[in-house]
Amino acid sequence: MLPDLLEEARALRAHIKAERAAIHRDQGYEMLGDTVMRSRRFWTISTATIAPLYATEDYAAVLARLDADFFGPAPVPRHFAKPYRPRSHHQVRTLITESALYSCIGGPDTMRDQLTHLYDEISSGTEGLAILPYNAILPPFPGNLLILDDAVILDTLTGPHVFASAIDVALYTDHAVRAHAAAATGVDAQTIVHNALGHVAVAERTFAPLAAQTDYGDDARAGPRVVDPHCTD
């Protein structure tokens, strides 16, 4: 049973890699750079990980490596790549869901640095940066989003999906406006991030005994690798 499931998983990964290449060839995503540059609006919604604009170098490197290792190199820039960085003419808004603060990427040290960096950004009064708390009564977003004047880019496992109809842009924009109205800023946002930092400290203490539970992999000479179920590195 397990070998069959593993074979299905390998086939699915190969399919996803092929889909990424097809999307690149058939839909000409090189044009997205022009769409981003023409737009005045540059609103990002991050639901699973910290928004790229506020990611530390280590945090971003771990995400890029995980993505490439599992699915293969993306043939087109994701919305967090250089062509998708905001420019001086953009009206920037960044909404990060509280749940994203608890996705342990790269281990406790990386998360501590990342959350501290985010806390400092909020403390400095960065305009347009907000945290959507767990208790916000809103329909969930389908994933990480970049909302522009004329398009909405949804980040998915197979690459970016673009919604360019006026009705789609209007609906996503309205949802984003409602979410920002319900989001925490200033001291309230700092408190949410501070609580997440506390979770990192608790997780470190709680799972320290796991250092005794090791996985030597295929080569015992390489030494032990600590198994931590809460963190991905």
# chains A, B, ... in the order shown; residues from 1 in each chain; ligands from 1
>>> residues_around(residues="range 152-154 of chain A", least_positions_apart="2", cutoff="8 Å", atoms="only C-alpha atoms", output="number ranges by chain")
A: 79, 142-148, 150, 156, 160-164, 168-169, 172
>>> write_last_selection(atoms="N, CA, C and O atoms", output="compact mmCIF listing (two decimals), in the first residue's frame")
# COMPACT_ATOMS: atom_id res chain seq x y z
N HIS A 79 5.21 35.76 -6.86
CA HIS A 79 4.92 37.17 -6.58
C HIS A 79 5.89 37.76 -5.58
O HIS A 79 5.91 38.97 -5.38
N PRO A 142 -8.19 32.26 -0.25
CA PRO A 142 -7.82 30.96 -0.84
C PRO A 142 -6.32 30.68 -0.81
O PRO A 142 -5.90 29.56 -1.09
N GLY A 143 -5.50 31.67 -0.48
CA GLY A 143 -4.05 31.48 -0.47
C GLY A 143 -3.37 32.84 -0.50
O GLY A 143 -4.01 33.88 -0.31
N ASN A 144 -2.06 32.83 -0.73
CA ASN A 144 -1.33 34.09 -0.83
C ASN A 144 -1.75 34.84 -2.09
O ASN A 144 -1.81 34.27 -3.18
N LEU A 145 -2.02 36.13 -1.94
CA LEU A 145 -2.56 36.93 -3.04
C LEU A 145 -1.75 38.20 -3.25
O LEU A 145 -1.20 38.77 -2.30
N LEU A 146 -1.68 38.62 -4.49
CA LEU A 146 -1.20 39.96 -4.84
C LEU A 146 -2.32 40.63 -5.61
O LEU A 146 -2.72 40.16 -6.68
N ILE A 147 -2.85 41.72 -5.07
CA ILE A 147 -3.97 42.42 -5.68
C ILE A 147 -3.47 43.69 -6.33
O ILE A 147 -2.91 44.57 -5.67
N LEU A 148 -3.69 43.79 -7.64
CA LEU A 148 -3.26 44.94 -8.44
C LEU A 148 -4.48 45.69 -8.95
O LEU A 148 -5.62 45.31 -8.66
N ASP A 150 -5.57 45.90 -12.06
CA ASP A 150 -6.26 45.19 -13.14
C ASP A 150 -6.17 43.67 -13.06
O ASP A 150 -6.57 42.98 -14.00
N THR A 156 -0.18 29.47 -6.05
CA THR A 156 -0.61 28.09 -5.83
C THR A 156 0.57 27.15 -6.01
O THR A 156 1.66 27.56 -6.41
N PRO A 160 1.68 30.80 -10.23
CA PRO A 160 0.69 31.87 -10.07
C PRO A 160 -0.50 31.71 -11.02
O PRO A 160 -0.33 31.40 -12.19
N HIS A 161 -1.68 31.90 -10.48
CA HIS A 161 -2.90 31.93 -11.29
C HIS A 161 -3.41 33.37 -11.32
O HIS A 161 -3.50 34.02 -10.28
N VAL A 162 -3.77 33.86 -12.50
CA VAL A 162 -4.14 35.26 -12.66
C VAL A 162 -5.63 35.38 -12.93
O VAL A 162 -6.19 34.69 -13.78
N PHE A 163 -6.28 36.27 -12.17
CA PHE A 163 -7.68 36.61 -12.39
C PHE A 163 -7.71 38.06 -12.86
O PHE A 163 -7.32 38.96 -12.12
N ALA A 164 -8.15 38.27 -14.09
CA ALA A 164 -8.05 39.61 -14.68
C ALA A 164 -9.40 40.22 -15.03
O ALA A 164 -9.45 41.35 -15.52
N ASP A 168 -13.77 39.85 -10.84
CA ASP A 168 -12.84 39.17 -9.94
C ASP A 168 -12.01 40.18 -9.15
O ASP A 168 -11.84 40.06 -7.94
N VAL A 169 -11.46 41.16 -9.86
CA VAL A 169 -10.63 42.17 -9.20
C VAL A 169 -11.45 42.93 -8.16
O VAL A 169 -10.99 43.17 -7.03
N TYR A 172 -12.18 40.55 -5.02
CA TYR A 172 -10.99 40.35 -4.19
C TYR A 172 -10.59 41.65 -3.49
O TYR A 172 -10.17 41.65 -2.33
>>> residues_around(residues="Val187 in chain A", least_positions_apart="6", cutoff="10 Å", atoms="only C-alpha atoms", output="MDAnalysis selection string")
chainID A and resid 119 122:123 125 193
>>> residues_around(residues="Thr185 in chain A", least_positions_apart="6", cutoff="10 Å", atoms="only C-alpha atoms", output="list in words")
Leu95, Ile122, Ser123, Gly125, Thr126, Glu127, Gly128, Leu129, Ala130, Ile131, Leu132, Thr191 and Ile192 of chain A
>>> atom_distance(atom1="CA of Ser165 in chain A", atom2="CA of Ala151 in chain A")
7.3 Å
>>> atom_distance(atom1="CA of Leu138 in chain A", atom2="CA of Gln190 in chain A")
21.4 Å
>>> closest_residue(among="A:Arg93, A:Arg112, A:Arg10, A:Arg87", to="Val202 in chain A", atoms="only C-alpha atoms")
A:Arg112
>>> residues_around(residues="Glu57 in chain A", least_positions_apart="3", cutoff="10 Å", atoms="only C-alpha atoms", output="list of chain:residue names")
A:Pro52, A:Tyr54, A:Ala60, A:Ala61, A:Val62, A:Thr110, A:Asp113, A:Gln114
>>> residues_around(residues="Gly198 in chain A", least_positions_apart="3", cutoff="12 Å", atoms="only C-alpha atoms", output="list in words")
Leu101, Tyr102, Pro108, Met111, Arg112, Leu115, Thr116, Thr191, Ile192, Val193, His194, Asn195, Ala201, Val202, Ala203, Glu204 and Arg205 of chain A
>>> closest_residue(among="A:Tyr59, A:Ser124, A:Gly33, A:Leu171", to="Ser103 in chain A", atoms="only C-alpha atoms")
A:Tyr59
>>> closest_residue(among="A:Thr44, A:Ala100, A:Asn135, A:Arg65", to="Arg85 in chain A", atoms="only C-alpha atoms")
A:Thr44
>>> select_by_dssp(residues="range 90-199 of chain A", states="strand (DSSP E)", output="list in words")
Gln91, Val92, Arg93, Thr94, Leu95, Ile96, Thr97, Leu129, Ala130, Ile131, Leu132, Leu145, Leu146, Ile147, Val152, Ile153, Leu154, Asp155, Thr156, Gly159, Pro160, His161, Val162 and Phe163 of chain A
>>> residues_around(residues="Phe141 in chain A", least_positions_apart="5", cutoff="10 Å", atoms="only C-alpha atoms", output="PDB file with N, CA, C and O atoms, in the first residue's frame")
ATOM      1  N   ILE A  45      -1.631  39.642   0.424  1.00  0.00           N
ATOM      2  CA  ILE A  45      -2.296  38.910   1.489  1.00  0.00           C
ATOM      3  C   ILE A  45      -1.488  37.633   1.704  1.00  0.00           C
ATOM      4  O   ILE A  45      -1.339  36.833   0.779  1.00  0.00           O
ATOM      5  N   SER A  46      -0.947  37.435   2.894  1.00  0.00           N
ATOM      6  CA  SER A  46      -0.148  36.241   3.188  1.00  0.00           C
ATOM      7  C   SER A  46      -0.876  35.397   4.215  1.00  0.00           C
ATOM      8  O   SER A  46      -1.111  35.835   5.345  1.00  0.00           O
ATOM      9  N   THR A  47      -1.221  34.176   3.813  1.00  0.00           N
ATOM     10  CA  THR A  47      -2.060  33.328   4.660  1.00  0.00           C
ATOM     11  C   THR A  47      -1.313  32.171   5.305  1.00  0.00           C
ATOM     12  O   THR A  47      -1.796  31.616   6.297  1.00  0.00           O
ATOM     13  N   THR A  97      -1.957  36.948   7.953  1.00  0.00           N
ATOM     14  CA  THR A  97      -2.872  36.299   8.892  1.00  0.00           C
ATOM     15  C   THR A  97      -2.091  35.823  10.117  1.00  0.00           C
ATOM     16  O   THR A  97      -0.907  35.468  10.026  1.00  0.00           O
ATOM     17  N   LEU A 154      -2.962  34.797  -7.629  1.00  0.00           N
ATOM     18  CA  LEU A 154      -3.081  33.817  -6.552  1.00  0.00           C
ATOM     19  C   LEU A 154      -1.919  32.850  -6.645  1.00  0.00           C
ATOM     20  O   LEU A 154      -1.704  32.209  -7.672  1.00  0.00           O
ATOM     21  N   TYR A 172     -12.178  40.550  -5.020  1.00  0.00           N
ATOM     22  CA  TYR A 172     -10.990  40.349  -4.185  1.00  0.00           C
ATOM     23  C   TYR A 172     -10.591  41.651  -3.488  1.00  0.00           C
ATOM     24  O   TYR A 172     -10.167  41.646  -2.329  1.00  0.00           O
ATOM     25  N   HIS A 175     -12.931  42.223  -0.593  1.00  0.00           N
ATOM     26  CA  HIS A 175     -12.605  41.300   0.495  1.00  0.00           C
ATOM     27  C   HIS A 175     -11.363  41.780   1.244  1.00  0.00           C
ATOM     28  O   HIS A 175     -11.299  41.730   2.486  1.00  0.00           O
ATOM     29  N   ALA A 176     -10.385  42.276   0.504  1.00  0.00           N
ATOM     30  CA  ALA A 176      -9.155  42.774   1.127  1.00  0.00           C
ATOM     31  C   ALA A 176      -9.432  44.010   1.980  1.00  0.00           C
ATOM     32  O   ALA A 176      -8.872  44.164   3.075  1.00  0.00           O
ATOM     33  N   ALA A 179     -10.995  42.899   5.150  1.00  0.00           N
ATOM     34  CA  ALA A 179     -10.011  42.235   6.000  1.00  0.00           C
ATOM     35  C   ALA A 179      -9.100  43.251   6.688  1.00  0.00           C
ATOM     36  O   ALA A 179      -8.792  43.133   7.878  1.00  0.00           O
TER      37      ALA A 179
END
